[in-house]
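Notes follow the structure.
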Amino acid sequence: MDSQEQKTNSLDQIQTDNKLSEDADYGAAKNWEIKTVTDPCVGNLVTPVNSGYVTKAFINNLPFYRSGISNNFRGLETGAAFGYLLYGPFTMTGPLRNSDFALTVGLLGAIGAVHILTALLLLYNSPGKSPNIQPKDCTVDNPPKDLFTREGWNDFTSGFWLGGCGGAVFAWLICGTLHLDTIMPMLRSLGNAN
């Protein structure tokens, strides 16, 4: 019995030595190894893309993850970006794009889309339990804990609505004052030249 135990121990020692020598051969490639963050069943892997410096700096500087700002301001900044960016597609590709009312219809369409998105944010917070708290992972170092409460999410939602409507109105004002209504038909004719 003792001889069999010694054989097993020596076999384990040989396998461990082989594994250590194999690990030593990789050198700097060991830094680029893809590993799981916490639980391998989650599917979030540490890769050079999602844990690189540029990606982490970009993601952690977004208003949703930036530290030191209130939840209302997070929503205001996020909503302003959505409202500003939604105005263009509704103006340029809306059903009244070739009429004199294209700019106003684009504004109303963007504000309508912001209202729908705000309703979805409200629905996410209203039934049952509080919003899910995001765990710390390889990309986001410190997710905001106060955002993932009922009160924090309500503040975010109200800021999102105000910022979204304000962003759409700002885009409408820019398009109306820069006389883009005279430039847009020329741009459309370039796209329809085929």
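Ligands are numbered from 1 in the order shown, chains are lettered A, B, ... in the order of the structure tokens, and residues start at 1 in each chain.
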
Close residues, Pro135 in chain A itself excluded, 10 Å, only C-alpha atoms, min 4 positions apart in chain, as a PyMOL selection string: chain A and resi 140-145

Given the selection you just returned, output its residues as a file containing C-alpha atoms, formatted as a short mmCIF file (atom, residue, chain, number, x, y, z; two decimals), in the first residue's frame.
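Result saved to selection34.cif:
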```
data_model
loop_
_atom_site.label_atom_id
_atom_site.label_comp_id
_atom_site.auth_asym_id
_atom_site.auth_seq_id
_atom_site.Cartn_x
_atom_site.Cartn_y
_atom_site.Cartn_z
CA VAL A 140 -15.74 48.89 -14.83
CA ASP A 141 -13.64 49.40 -11.72
CA ASN A 142 -16.23 50.98 -9.48
CA PRO A 143 -19.88 50.84 -10.64
CA PRO A 144 -22.05 53.46 -8.90
CA LYS A 145 -23.91 51.80 -6.04
#
```

Contacts of range 55-60 of chain A at 9 Å (only C-alpha atoms; same-chain gap of 3+ positions) as a PDB file with N, CA and C atoms, in the first residue's frame:
```pdb
ATOM      1  N   VAL A  49      -8.804  43.345 -25.076  1.00  0.00           N
ATOM      2  CA  VAL A  49      -9.696  44.393 -25.570  1.00  0.00           C
ATOM      3  C   VAL A  49     -10.492  45.014 -24.421  1.00  0.00           C
ATOM      4  N   ASN A  50     -11.195  44.189 -23.632  1.00  0.00           N
ATOM      5  CA  ASN A  50     -12.070  44.768 -22.618  1.00  0.00           C
ATOM      6  C   ASN A  50     -11.349  45.144 -21.336  1.00  0.00           C
ATOM      7  N   SER A  51     -10.115  44.749 -21.148  1.00  0.00           N
ATOM      8  CA  SER A  51      -9.388  45.160 -19.949  1.00  0.00           C
ATOM      9  C   SER A  51      -8.184  46.042 -20.284  1.00  0.00           C
ATOM     10  N   GLY A  52      -8.093  46.474 -21.536  1.00  0.00           N
ATOM     11  CA  GLY A  52      -7.006  47.365 -21.937  1.00  0.00           C
ATOM     12  C   GLY A  52      -7.207  48.769 -21.392  1.00  0.00           C
ATOM     13  N   PRO A  63     -20.935  58.877 -18.718  1.00  0.00           N
ATOM     14  CA  PRO A  63     -21.684  59.434 -17.582  1.00  0.00           C
ATOM     15  C   PRO A  63     -22.321  58.365 -16.697  1.00  0.00           C
ATOM     16  N   PHE A  64     -22.597  57.209 -17.218  1.00  0.00           N
ATOM     17  CA  PHE A  64     -23.223  56.159 -16.416  1.00  0.00           C
ATOM     18  C   PHE A  64     -22.271  55.631 -15.346  1.00  0.00           C
ATOM     19  N   TYR A  65     -20.968  55.621 -15.606  1.00  0.00           N
ATOM     20  CA  TYR A  65     -19.990  55.057 -14.673  1.00  0.00           C
ATOM     21  C   TYR A  65     -19.062  56.093 -14.039  1.00  0.00           C
ATOM     22  N   ARG A  66     -19.101  57.345 -14.483  1.00  0.00           N
ATOM     23  CA  ARG A  66     -18.192  58.356 -13.961  1.00  0.00           C
ATOM     24  C   ARG A  66     -18.486  58.602 -12.483  1.00  0.00           C
ATOM     25  N   SER A  67     -17.453  58.694 -11.698  1.00  0.00           N
ATOM     26  CA  SER A  67     -17.644  58.919 -10.263  1.00  0.00           C
ATOM     27  C   SER A  67     -17.718  60.416  -9.982  1.00  0.00           C
ATOM     28  N   CYS A 138     -13.908  43.425 -15.012  1.00  0.00           N
ATOM     29  CA  CYS A 138     -12.589  43.794 -15.531  1.00  0.00           C
ATOM     30  C   CYS A 138     -12.592  45.133 -16.253  1.00  0.00           C
ATOM     31  N   THR A 139     -13.744  45.619 -16.704  1.00  0.00           N
ATOM     32  CA  THR A 139     -13.801  46.876 -17.433  1.00  0.00           C
ATOM     33  C   THR A 139     -14.202  48.028 -16.529  1.00  0.00           C
ATOM     34  N   VAL A 140     -15.231  47.838 -15.710  1.00  0.00           N
ATOM     35  CA  VAL A 140     -15.736  48.888 -14.830  1.00  0.00           C
ATOM     36  C   VAL A 140     -15.174  48.654 -13.437  1.00  0.00           C
ATOM     37  N   ASP A 141     -14.303  49.559 -13.010  1.00  0.00           N
ATOM     38  CA  ASP A 141     -13.636  49.402 -11.721  1.00  0.00           C
ATOM     39  C   ASP A 141     -14.577  49.606 -10.541  1.00  0.00           C
ATOM     40  N   ASN A 142     -15.410  50.629 -10.621  1.00  0.00           N
ATOM     41  CA  ASN A 142     -16.229  50.984  -9.480  1.00  0.00           C
ATOM     42  C   ASN A 142     -17.622  51.401  -9.955  1.00  0.00           C
ATOM     43  N   PRO A 143     -18.532  50.456 -10.196  1.00  0.00           N
ATOM     44  CA  PRO A 143     -19.877  50.842 -10.643  1.00  0.00           C
ATOM     45  C   PRO A 143     -20.600  51.619  -9.542  1.00  0.00           C
TER      46      PRO A 143
END
```

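Take CA of Thr118 in chain A and CA of Tyr84 in chain A: the distance between them is 15.1 Å.
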
Contacts of Glu151 in chain A at 12 Å (only C-alpha atoms; same-chain gap of 3+ positions) as a PDB file with C-alpha atoms, in the first residue's frame:
```pdb
ATOM      1  CA  SER A  70     -25.294  62.831  -9.145  1.00  0.00           C
ATOM      2  CA  ASN A  71     -27.741  60.361 -10.660  1.00  0.00           C
ATOM      3  CA  ASN A  72     -29.846  63.189 -12.051  1.00  0.00           C
ATOM      4  CA  LEU A 122     -39.716  53.781 -15.556  1.00  0.00           C
ATOM      5  CA  ASN A 125     -37.772  50.355 -11.948  1.00  0.00           C
ATOM      6  CA  SER A 126     -41.440  49.956 -11.073  1.00  0.00           C
ATOM      7  CA  SER A 130     -34.965  47.159  -7.211  1.00  0.00           C
ATOM      8  CA  PRO A 131     -32.771  47.360 -10.333  1.00  0.00           C
ATOM      9  CA  LYS A 145     -23.911  51.798  -6.039  1.00  0.00           C
ATOM     10  CA  ASP A 146     -26.327  54.707  -5.475  1.00  0.00           C
ATOM     11  CA  LEU A 147     -27.664  54.488  -9.051  1.00  0.00           C
ATOM     12  CA  PHE A 148     -29.020  50.986  -8.567  1.00  0.00           C
ATOM     13  CA  ASN A 154     -35.893  57.574 -10.504  1.00  0.00           C
ATOM     14  CA  ASP A 155     -33.415  60.467 -10.424  1.00  0.00           C
ATOM     15  CA  PHE A 156     -31.629  59.028 -13.457  1.00  0.00           C
ATOM     16  CA  THR A 157     -34.928  58.643 -15.331  1.00  0.00           C
ATOM     17  CA  SER A 158     -36.099  62.198 -14.649  1.00  0.00           C
TER      18      SER A 158
END
```

Range 101-108 of chain A surroundings by only C-alpha atoms, 9 Å radius, close-in-sequence under 5 positions cut, as a list in words: Leu86, Tyr87, Gly88, Pro89, Phe90, Thr91, Met92, Thr93, Gly94, Pro95, Leu96, Ala113, Cys165, Ala168, Val169, Ala171, Trp172, Cys175, Gly176 and Asp181 of chain A

For the selection you just gave me, I'd like the residues written to a file as a PDB file, in the first residue's frame, keeping N, CA and C atoms.
```
ATOM      1  N   LEU A  86     -30.997  61.465 -31.833  1.00  0.00           N
ATOM      2  CA  LEU A  86     -32.246  60.968 -32.420  1.00  0.00           C
ATOM      3  C   LEU A  86     -32.883  61.975 -33.365  1.00  0.00           C
ATOM      4  N   TYR A  87     -32.562  63.238 -33.224  1.00  0.00           N
ATOM      5  CA  TYR A  87     -33.186  64.271 -34.051  1.00  0.00           C
ATOM      6  C   TYR A  87     -32.854  64.085 -35.539  1.00  0.00           C
ATOM      7  N   GLY A  88     -31.609  63.789 -35.850  1.00  0.00           N
ATOM      8  CA  GLY A  88     -31.178  63.683 -37.251  1.00  0.00           C
ATOM      9  C   GLY A  88     -31.913  62.628 -38.061  1.00  0.00           C
ATOM     10  N   PRO A  89     -31.993  61.388 -37.590  1.00  0.00           N
ATOM     11  CA  PRO A  89     -32.705  60.379 -38.381  1.00  0.00           C
ATOM     12  C   PRO A  89     -34.191  60.684 -38.581  1.00  0.00           C
ATOM     13  N   PHE A  90     -34.832  61.255 -37.568  1.00  0.00           N
ATOM     14  CA  PHE A  90     -36.245  61.589 -37.739  1.00  0.00           C
ATOM     15  C   PHE A  90     -36.433  62.732 -38.723  1.00  0.00           C
ATOM     16  N   THR A  91     -35.478  63.639 -38.794  1.00  0.00           N
ATOM     17  CA  THR A  91     -35.582  64.757 -39.727  1.00  0.00           C
ATOM     18  C   THR A  91     -35.230  64.333 -41.149  1.00  0.00           C
ATOM     19  N   MET A  92     -34.155  63.581 -41.292  1.00  0.00           N
ATOM     20  CA  MET A  92     -33.664  63.242 -42.633  1.00  0.00           C
ATOM     21  C   MET A  92     -34.416  62.082 -43.286  1.00  0.00           C
ATOM     22  N   THR A  93     -34.947  61.173 -42.488  1.00  0.00           N
ATOM     23  CA  THR A  93     -35.594  59.993 -43.082  1.00  0.00           C
ATOM     24  C   THR A  93     -37.064  59.867 -42.702  1.00  0.00           C
ATOM     25  N   GLY A  94     -37.614  60.886 -42.043  1.00  0.00           N
ATOM     26  CA  GLY A  94     -39.018  60.835 -41.640  1.00  0.00           C
ATOM     27  C   GLY A  94     -39.951  60.919 -42.842  1.00  0.00           C
ATOM     28  N   PRO A  95     -41.236  60.671 -42.635  1.00  0.00           N
ATOM     29  CA  PRO A  95     -42.183  60.672 -43.757  1.00  0.00           C
ATOM     30  C   PRO A  95     -42.395  62.058 -44.361  1.00  0.00           C
ATOM     31  N   LEU A  96     -42.133  63.118 -43.631  1.00  0.00           N
ATOM     32  CA  LEU A  96     -42.308  64.474 -44.160  1.00  0.00           C
ATOM     33  C   LEU A  96     -40.971  65.139 -44.462  1.00  0.00           C
ATOM     34  N   ALA A 113     -39.689  59.717 -29.192  1.00  0.00           N
ATOM     35  CA  ALA A 113     -38.808  58.579 -28.914  1.00  0.00           C
ATOM     36  C   ALA A 113     -38.199  58.692 -27.517  1.00  0.00           C
ATOM     37  N   CYS A 165     -35.220  65.645 -24.025  1.00  0.00           N
ATOM     38  CA  CYS A 165     -36.028  66.698 -24.658  1.00  0.00           C
ATOM     39  C   CYS A 165     -35.166  67.921 -24.946  1.00  0.00           C
ATOM     40  N   ALA A 168     -32.894  67.273 -28.019  1.00  0.00           N
ATOM     41  CA  ALA A 168     -33.638  67.342 -29.282  1.00  0.00           C
ATOM     42  C   ALA A 168     -33.948  68.794 -29.646  1.00  0.00           C
ATOM     43  N   VAL A 169     -34.339  69.602 -28.667  1.00  0.00           N
ATOM     44  CA  VAL A 169     -34.619  71.021 -28.933  1.00  0.00           C
ATOM     45  C   VAL A 169     -33.339  71.740 -29.345  1.00  0.00           C
ATOM     46  N   ALA A 171     -30.749  70.433 -30.924  1.00  0.00           N
ATOM     47  CA  ALA A 171     -30.463  70.052 -32.319  1.00  0.00           C
ATOM     48  C   ALA A 171     -31.402  70.776 -33.280  1.00  0.00           C
ATOM     49  N   TRP A 172     -32.667  70.922 -32.894  1.00  0.00           N
ATOM     50  CA  TRP A 172     -33.650  71.630 -33.724  1.00  0.00           C
ATOM     51  C   TRP A 172     -33.259  73.095 -33.885  1.00  0.00           C
ATOM     52  N   CYS A 175     -30.221  73.329 -36.276  1.00  0.00           N
ATOM     53  CA  CYS A 175     -30.613  73.123 -37.679  1.00  0.00           C
ATOM     54  C   CYS A 175     -31.445  74.285 -38.205  1.00  0.00           C
ATOM     55  N   GLY A 176     -32.261  74.895 -37.353  1.00  0.00           N
ATOM     56  CA  GLY A 176     -33.092  76.012 -37.796  1.00  0.00           C
ATOM     57  C   GLY A 176     -32.321  77.303 -37.960  1.00  0.00           C
ATOM     58  N   ASP A 181     -32.082  74.196 -43.714  1.00  0.00           N
ATOM     59  CA  ASP A 181     -33.225  73.874 -44.554  1.00  0.00           C
ATOM     60  C   ASP A 181     -32.948  74.208 -46.018  1.00  0.00           C
TER      61      ASP A 181
END
```

Shell around Val114 in chain A at 6 Å using only C-alpha atoms, local window under 3 positions removed, as an mmCIF file with N, CA and C atoms, in the first residue's frame:
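Written output follows (around.cif):
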```
data_model
loop_
_atom_site.group_PDB
_atom_site.id
_atom_site.type_symbol
_atom_site.label_atom_id
_atom_site.label_comp_id
_atom_site.auth_asym_id
_atom_site.auth_seq_id
_atom_site.Cartn_x
_atom_site.Cartn_y
_atom_site.Cartn_z
ATOM 1 N N ILE A 111 -38.603 63.827 -29.673
ATOM 2 C CA ILE A 111 -39.179 63.960 -28.334
ATOM 3 C C ILE A 111 -40.097 62.775 -28.035
ATOM 4 N N LEU A 117 -38.513 55.958 -24.501
ATOM 5 C CA LEU A 117 -37.358 55.455 -23.749
ATOM 6 C C LEU A 117 -37.488 55.751 -22.256
ATOM 7 N N GLY A 164 -33.030 64.463 -22.656
ATOM 8 C CA GLY A 164 -33.430 64.015 -23.984
ATOM 9 C C GLY A 164 -34.248 65.054 -24.719
#
```

Every residue of range 91-177 of chain A that DSSP places in alpha helix (DSSP H), as a PyMOL selection string: chain A and resi 91-93+102-125+150-177

Nearest residue to Ala81 in chain A from the set A:Ile183, A:Ala110, A:Ala119, A:Ile69 (distances using only C-alpha atoms):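 Comparing A:Ile183, A:Ala110, A:Ala119, A:Ile69 against Ala81 in chain A, the winner is A:Ala110.
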
Coordinates-based distance that separates CA of Gly83 in chain A from CA of Trp161 in chain A (Å, one decimal): 9.1 Å

Proximity to Thr47 in chain A - best of A:Asp137, A:Met186, A:Thr177, A:Gly159, only C-alpha atoms: A:Asp137
